[in-house]
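Peer 1: There's a structure below that I have some questions on.
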Amino acid sequence: MSSLIRREIAGVPVAELARDFGTPTYVYDAATITQRIHALAPFDVVRFAQKANSNLAVLDLCRRHGVVVDAVSAGEIHRALAAGYQAQGDPAPIVYTADLFDRESLALVVEHGIAVNCGSADMIDQYGAEVSGGDITLRINPGFGHGHSQKTNTGGDHSKHGIWYEDLPDCLRRAERNGLRVAGIHVHIGSGADLEHLALVAGAVEKLALEAGDQVHAISAGGGLPVPYRPGDPSMNVDAYFVPWDEARKRLEDKFGHAVRIEIEPGRYLVAECGVLVTEVRARKHQGDNDFVLVDAGFNVLARPVMYGAYHPMSLAPCDDEPREEKDLVVGGPLCESGDIFTQEEGGFVRTQRLPDAKVGDLLLIECAGAYGFVMASNYNSKPLPAEVMIVDGKPHGIRARQTSEDLTRLETIPPVG
Ligand code: LLP
């Protein structure tokens, strides 16, 4: 039988999930998330970049396992509070990391005393004007970066992110003028970075921390840890990755004469592999040389392929017991746009993926979809946002209901005419 046939997710039959929750639905295995949390144990603080998956059930799971969170918007702060995070504490349970404050987020961090990680000089001044002293951390762009796509590379001069490393002295002076202590240095060079680039970050952070001096009590490695999407991709060796960070920390501690904490801020690493997008095959067609499988989810549900040419492993839960031969298939969705293809390279070039021959009524599973899946979903083509399910100890729980057609128009009004 093809190894690409999969009838269960975390012990629950896929057919049962589709029957009870409908399709398309994101299904998350809680045990995978907790396993990844434990793998990061060498780090003093694990801060989940909730932009990867901010469902309250995921945040609650993280909180119960000692993971704190990052927030990039007022909405993400509200989510963290709703999931039971305290506004303040040591380490800060919630840190607002961004390159700007919109008015709502500035008001919210000041109201709740949420910690801030400033990615621009303007943030330092605007925050300083609202508070009377306290700690901040600085997000520095070290002048180099890397990501799985140029769109997720956040270091270097093409990137809007972080305080340019040469501006650190100016930002230190600004912080001082505002009565703020720079208690931490943070660098995030990109998402899905390769290990060669990640290996350079500890040295860069050490140098920046020395420049900031002994007010620094924490260094953050940012996120960006890669996960194996393609067959044969290596898995992250966390223990090996930790070594240069620990060495840098020890040198800083010797120099400063006090403890220095190491934070890590992964999104994808914690949640990508826990997630499967369950879709139903609704049509098959041949167009010249291409053999298409059309499912009921499109880039409205999972945008990574159309945005980055991202590869996702897929498998099939057939609707019958007939043997299925493997074929090279193109997988697409229901949207009225040619780019609505899950098997594509960056730039929109269609490719194929080896899959069991799919029939209408089969369930097609798009895997490794727990990170930047639901959170990037949209209502394009007036499609409702999908449902989300979390499997805990072999039991599926609905953690977000599918939107309804009423939800789609709920905020709209037709102006009175005549
Ligand atoms: N910290 C900061 C400051 C970030 O900007 C990000 C991601 C992370 C941590 C987490 O990165 P991760 O560990 O998940 O790689 N939508 C894209 C990813 C965009 C990431 C943006 N920032 C994707 O689907 O691949």
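If you're wondering about the labels, chains in the structure tokens are A, B, ... by order shown, residues count from 1 in each chain, ligands from 1 in order shown.
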Apply DSSP to the backbone of this structure and, from range 253-364 of chain A, keep only the residues in strand (DSSP E or B); write these as number ranges by chain.

Peer 2: A: 261-264, 275-287, 290-295, 314-317, 326-332, 341, 344, 350, 353-356, 363-364

Peer 1: Please check which protein, DNA or RNA residues sit within 9 Å of ligand 1, counting only C-alpha atoms and all ligand atoms, and write them as JSON, numbers by chain.

Peer 2: {"A": [47, 48, 49, 50, 51, 52, 70, 72, 97, 98, 139, 147, 148, 149, 151, 152, 153, 154, 161, 162, 186, 187, 188, 189, 190, 191, 192, 193, 221, 222, 223, 224, 225, 226, 227, 264, 265, 266, 267, 268, 269, 270, 271, 272, 303, 304, 305, 307, 308, 310, 371, 372, 373, 375, 376]}

Peer 1: Please determine, counting only C-alpha atoms, which residue among A:Leu195, A:Leu4, A:Ile94, A:Ala31 has the shortest atom-to-atom distance to Asp357 in chain A.

Peer 2: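 Among the listed residues, the smallest separation from Asp357 in chain A belongs to A:Leu4.
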
Peer 1: May I have all residues of range 219-331 of chain A that DSSP, computed from the backbone, assigns to alpha helix (DSSP H), given as a list of chain:residue names?

Peer 2: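 Residues of range 219-331 of chain A classed as alpha helix (DSSP H): A:Val238, A:Asp239, A:Ala240, A:Tyr241, A:Phe242, A:Val243, A:Pro244, A:Trp245, A:Asp246, A:Glu247, A:Ala248, A:Arg249, A:Lys250, A:Arg251, A:Leu252, A:Glu253, A:Asp254, A:Lys255, A:Phe256, A:Arg268, A:Tyr269, A:Leu270, A:Val271, A:Arg304, A:Pro305, A:Val306, A:Met307, A:Tyr308.
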
Peer 1: Could you save the residues just selected, with N, CA, C and O atoms, as a compact mmCIF listing (two decimals), in the first residue's frame?

Peer 2:
# COMPACT_ATOMS: atom_id res chain seq x y z
N VAL A 238 18.37 20.87 18.45
CA VAL A 238 18.27 21.99 19.40
C VAL A 238 19.48 22.04 20.33
O VAL A 238 20.02 23.10 20.60
N ASP A 239 19.93 20.86 20.78
CA ASP A 239 21.04 20.85 21.74
C ASP A 239 22.29 21.44 21.10
O ASP A 239 23.01 22.22 21.74
N ALA A 240 22.54 21.11 19.84
CA ALA A 240 23.72 21.65 19.16
C ALA A 240 23.55 23.15 18.93
O ALA A 240 24.49 23.93 19.10
N TYR A 241 22.34 23.56 18.58
CA TYR A 241 22.07 24.99 18.33
C TYR A 241 22.28 25.83 19.60
O TYR A 241 22.72 26.97 19.55
N PHE A 242 21.98 25.20 20.75
CA PHE A 242 22.07 25.92 22.02
C PHE A 242 23.52 26.24 22.42
O PHE A 242 23.77 27.25 23.08
N VAL A 243 24.46 25.39 21.98
CA VAL A 243 25.84 25.52 22.47
C VAL A 243 26.43 26.92 22.26
O VAL A 243 26.89 27.55 23.23
N PRO A 244 26.44 27.49 21.04
CA PRO A 244 27.04 28.82 20.88
C PRO A 244 26.31 29.90 21.68
O PRO A 244 26.93 30.88 22.13
N TRP A 245 25.00 29.71 21.91
CA TRP A 245 24.25 30.67 22.73
C TRP A 245 24.70 30.62 24.18
O TRP A 245 24.88 31.64 24.83
N ASP A 246 24.89 29.39 24.65
CA ASP A 246 25.30 29.23 26.04
C ASP A 246 26.71 29.80 26.24
O ASP A 246 26.99 30.45 27.25
N GLU A 247 27.57 29.57 25.24
CA GLU A 247 28.94 30.09 25.35
C GLU A 247 28.93 31.62 25.36
O GLU A 247 29.62 32.25 26.15
N ALA A 248 28.11 32.20 24.47
CA ALA A 248 28.02 33.67 24.41
C ALA A 248 27.49 34.21 25.74
O ALA A 248 28.00 35.18 26.29
N ARG A 249 26.47 33.54 26.26
CA ARG A 249 25.89 33.97 27.54
C ARG A 249 26.94 33.96 28.65
O ARG A 249 27.03 34.89 29.43
N LYS A 250 27.74 32.88 28.70
CA LYS A 250 28.73 32.77 29.78
C LYS A 250 29.75 33.90 29.70
O LYS A 250 30.13 34.49 30.71
N ARG A 251 30.17 34.21 28.47
CA ARG A 251 31.15 35.31 28.33
C ARG A 251 30.52 36.63 28.77
O ARG A 251 31.16 37.44 29.43
N LEU A 252 29.23 36.82 28.42
CA LEU A 252 28.56 38.07 28.84
C LEU A 252 28.42 38.12 30.35
O LEU A 252 28.62 39.17 30.97
N GLU A 253 28.08 37.00 30.94
CA GLU A 253 27.92 36.97 32.41
C GLU A 253 29.24 37.31 33.11
O GLU A 253 29.26 38.06 34.09
N ASP A 254 30.35 36.76 32.59
CA ASP A 254 31.68 37.06 33.16
C ASP A 254 31.95 38.56 33.08
O ASP A 254 32.44 39.17 34.03
N LYS A 255 31.63 39.11 31.93
CA LYS A 255 31.91 40.52 31.70
C LYS A 255 31.03 41.42 32.58
O LYS A 255 31.49 42.38 33.17
N PHE A 256 29.72 41.08 32.64
CA PHE A 256 28.76 41.95 33.31
C PHE A 256 28.69 41.70 34.83
O PHE A 256 28.20 42.53 35.59
N ARG A 268 6.94 28.55 14.04
CA ARG A 268 6.83 27.33 13.23
C ARG A 268 7.32 26.07 13.95
O ARG A 268 6.67 25.03 13.89
N TYR A 269 8.47 26.17 14.64
CA TYR A 269 9.05 24.97 15.25
C TYR A 269 8.06 24.32 16.22
O TYR A 269 7.97 23.10 16.31
N LEU A 270 7.31 25.13 16.93
CA LEU A 270 6.39 24.58 17.93
C LEU A 270 5.11 24.01 17.31
O LEU A 270 4.54 23.05 17.83
N VAL A 271 4.64 24.61 16.21
CA VAL A 271 3.29 24.24 15.76
C VAL A 271 3.16 23.73 14.33
O VAL A 271 2.10 23.20 13.97
N ARG A 304 0.35 29.60 2.08
CA ARG A 304 1.82 29.47 1.95
C ARG A 304 2.28 29.06 0.55
O ARG A 304 3.25 29.62 0.04
N PRO A 305 1.60 28.13 -0.13
CA PRO A 305 2.08 27.79 -1.48
C PRO A 305 1.99 28.97 -2.45
O PRO A 305 2.94 29.23 -3.19
N VAL A 306 0.88 29.70 -2.45
CA VAL A 306 0.77 30.80 -3.42
C VAL A 306 1.68 31.96 -3.02
O VAL A 306 2.22 32.66 -3.88
N MET A 307 1.89 32.15 -1.73
CA MET A 307 2.73 33.28 -1.31
C MET A 307 4.21 33.03 -1.47
O MET A 307 4.98 33.93 -1.78
N TYR A 308 4.64 31.80 -1.17
CA TYR A 308 6.09 31.54 -1.14
C TYR A 308 6.50 30.36 -2.01
O TYR A 308 7.67 29.98 -1.99

Peer 1: With distances taken over only C-alpha atoms, which residue among A:Thr409, A:Ala218, A:Gly332, A:Pro228 lies nearest Lys285 in chain A?

Peer 2: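 Of the candidates, the smallest distance to Lys285 in chain A is held by A:Gly332.
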
Peer 1: Rounded to one decimal in Å, what is the spacing between CA of Gly113 in chain A and CA of Ser73 in chain A?

Peer 2: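 Pair CA of Gly113 in chain A / CA of Ser73 in chain A returns 14.8 Å.
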
Peer 1: Counting only C-alpha atoms, which of A:Ser120, A:Ile77, A:Ala204, A:Ala129 gets nearest to Phe144 in chain A?

Peer 2: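 Under the stated criterion, the closest residue is A:Ala204.
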
Peer 1: Compare A:Asp407, A:Asp340, A:Glu263, A:Asp135 by their minimum atom-to-atom distance to Val67 in chain A, counting only C-alpha atoms, and give me the closest one.

Peer 2: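 For Val67 in chain A, the nearest of the candidates is A:Glu263.
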
Peer 1: Please provide as an NGL selection string all residues within 12 Å of Glu176 in chain A, with the sequence filter that same-chain residues fewer than 6 positions apart are discarded (counting only C-alpha atoms).

Peer 2: :A and (124-125 or 128 or 132-136 or 169-170 or 182-183 or 212 or 215)

Peer 1: Restricting the calculation to only C-alpha atoms: of A:Val27, A:Val278, A:Cys171, A:Ala401, which residue gets closest to Leu385 in chain A?

Peer 2: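 Result for the nearest residue to Leu385 in chain A: A:Ala401.
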
Peer 1: Between CA of Leu168 in chain A and CA of Leu210 in chain A, measure the distance and give it in Å to one decimal.

Peer 2: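 About the pair CA of Leu168 in chain A and CA of Leu210 in chain A: they are 11.2 Å apart.
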
Peer 1: Can you tell me, as a list in words, what residues are no more than 8 Å from Thr343 in chain A when counting only C-alpha atoms, ignoring any on the same chain fewer than 3 positions away?

Peer 2: Pro305, Gly309, Tyr311, Val330, Val331, Gly332, Val350, Arg351, Thr352 and Gln353 of chain A

Peer 1: Near Thr25 in chain A, counting only C-alpha atoms, which residues have an atom at most 7 Å away, once you skip same-chain residues fewer than 6 positions from it, shown as a PyMOL selection string?

Peer 2: chain A and resi 277-279+386-388

Peer 1: Next, dump the selected residues to file, keeping only C-alpha atoms, as a short mmCIF file (atom, residue, chain, number, x, y, z; two decimals), in the first residue's frame.

Peer 2:
data_model
loop_
_atom_site.label_atom_id
_atom_site.label_comp_id
_atom_site.auth_asym_id
_atom_site.auth_seq_id
_atom_site.Cartn_x
_atom_site.Cartn_y
_atom_site.Cartn_z
CA LEU A 277 -5.47 20.56 6.84
CA VAL A 278 -8.23 18.08 6.03
CA THR A 279 -9.87 18.74 2.67
CA PRO A 386 -12.38 26.98 8.22
CA ALA A 387 -12.91 25.15 11.49
CA GLU A 388 -10.07 24.19 13.84
#

Peer 1: When you look at Leu408 in chain A with a cut-off of 7 Å (counting only C-alpha atoms), what residues show up, excluding the ones that are within fewer than 3 positions of it in the same chain? I need them as number ranges by chain.

Peer 2: A: 382, 384, 404-405

Peer 1: Could you write out that same residue set with N, CA and C atoms as a CSV table (one decimal), in the first residue's frame?

Peer 2:
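Writing done, so here's part_12.csv:
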chain,number,residue,atom,x,y,z
A,382,SER,N,-15.5,35.2,-0.8
A,382,SER,CA,-16.6,35.0,0.2
A,382,SER,C,-16.7,33.5,0.7
A,384,PRO,N,-16.1,31.1,3.9
A,384,PRO,CA,-15.9,31.2,5.3
A,384,PRO,C,-14.6,30.7,5.8
A,404,THR,N,-19.9,31.2,9.3
A,404,THR,CA,-21.1,30.9,8.6
A,404,THR,C,-21.3,32.0,7.5
A,405,SER,N,-22.2,31.8,6.6
A,405,SER,CA,-22.4,32.8,5.6
A,405,SER,C,-22.9,34.1,6.2

Peer 1: Find the distance between CA of Val301 in chain A and CA of Ser3 in chain A and write it in Å to one decimal.

Peer 2: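 Distance between the two atoms: 25.5 Å.
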
Peer 1: Which residues are close to Pro93 in chain A, i.e. within 9 Å by only C-alpha atoms, leaving aside same-chain residues fewer than 3 positions away? Reply as a short mmCIF file (atom, residue, chain, number, x, y, z; two decimals) with N, CA and C atoms, in the first residue's frame.

Peer 2:
data_model
loop_
_atom_site.label_atom_id
_atom_site.label_comp_id
_atom_site.auth_asym_id
_atom_site.auth_seq_id
_atom_site.Cartn_x
_atom_site.Cartn_y
_atom_site.Cartn_z
N ARG A 47 9.60 31.60 24.15
CA ARG A 47 8.56 32.60 23.87
C ARG A 47 7.93 32.25 22.53
N ARG A 63 0.81 28.04 27.50
CA ARG A 63 0.87 28.65 28.84
C ARG A 63 1.00 27.57 29.91
N VAL A 67 5.39 28.12 28.57
CA VAL A 67 5.85 28.93 27.43
C VAL A 67 5.20 30.31 27.52
N VAL A 68 6.01 31.35 27.35
CA VAL A 68 5.46 32.71 27.31
C VAL A 68 5.24 33.12 25.85
N VAL A 69 4.67 34.31 25.61
CA VAL A 69 4.34 34.65 24.22
C VAL A 69 4.87 36.00 23.76
N ASP A 70 4.95 36.06 22.44
CA ASP A 70 5.27 37.28 21.72
C ASP A 70 3.94 37.77 21.13
N ALA A 80 -3.57 36.83 24.01
CA ALA A 80 -2.75 36.28 25.10
C ALA A 80 -3.47 36.45 26.44
N TYR A 85 -2.80 34.50 30.04
CA TYR A 85 -1.50 35.08 30.37
C TYR A 85 -1.69 36.32 31.22
N GLN A 86 -0.83 36.50 32.22
CA GLN A 86 -0.79 37.74 32.99
C GLN A 86 -0.16 38.81 32.12
N ALA A 87 -0.49 40.06 32.39
CA ALA A 87 0.11 41.14 31.60
C ALA A 87 1.58 41.33 31.96
N GLN A 88 1.89 41.14 33.26
CA GLN A 88 3.25 41.43 33.72
C GLN A 88 3.83 40.27 34.51
N GLY A 89 5.15 40.20 34.54
CA GLY A 89 5.81 39.15 35.31
C GLY A 89 7.26 39.07 34.90
N ASP A 90 8.00 38.13 35.49
CA ASP A 90 9.40 37.98 35.14
C ASP A 90 9.68 36.48 34.96
N ILE A 114 2.50 46.07 29.52
CA ILE A 114 3.06 44.97 28.74
C ILE A 114 4.49 45.34 28.32
N ALA A 115 5.41 44.37 28.39
CA ALA A 115 6.80 44.63 27.99
C ALA A 115 6.88 44.89 26.49
#

Peer 1: For Leu294 in chain A, which residue out of A:Leu363, A:Cys368, A:Val276, A:Ile5 is the nearest one, using only C-alpha atoms?

Peer 2: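 Of A:Leu363, A:Cys368, A:Val276, A:Ile5, the one nearest Leu294 in chain A is A:Leu363, counting only C-alpha atoms.
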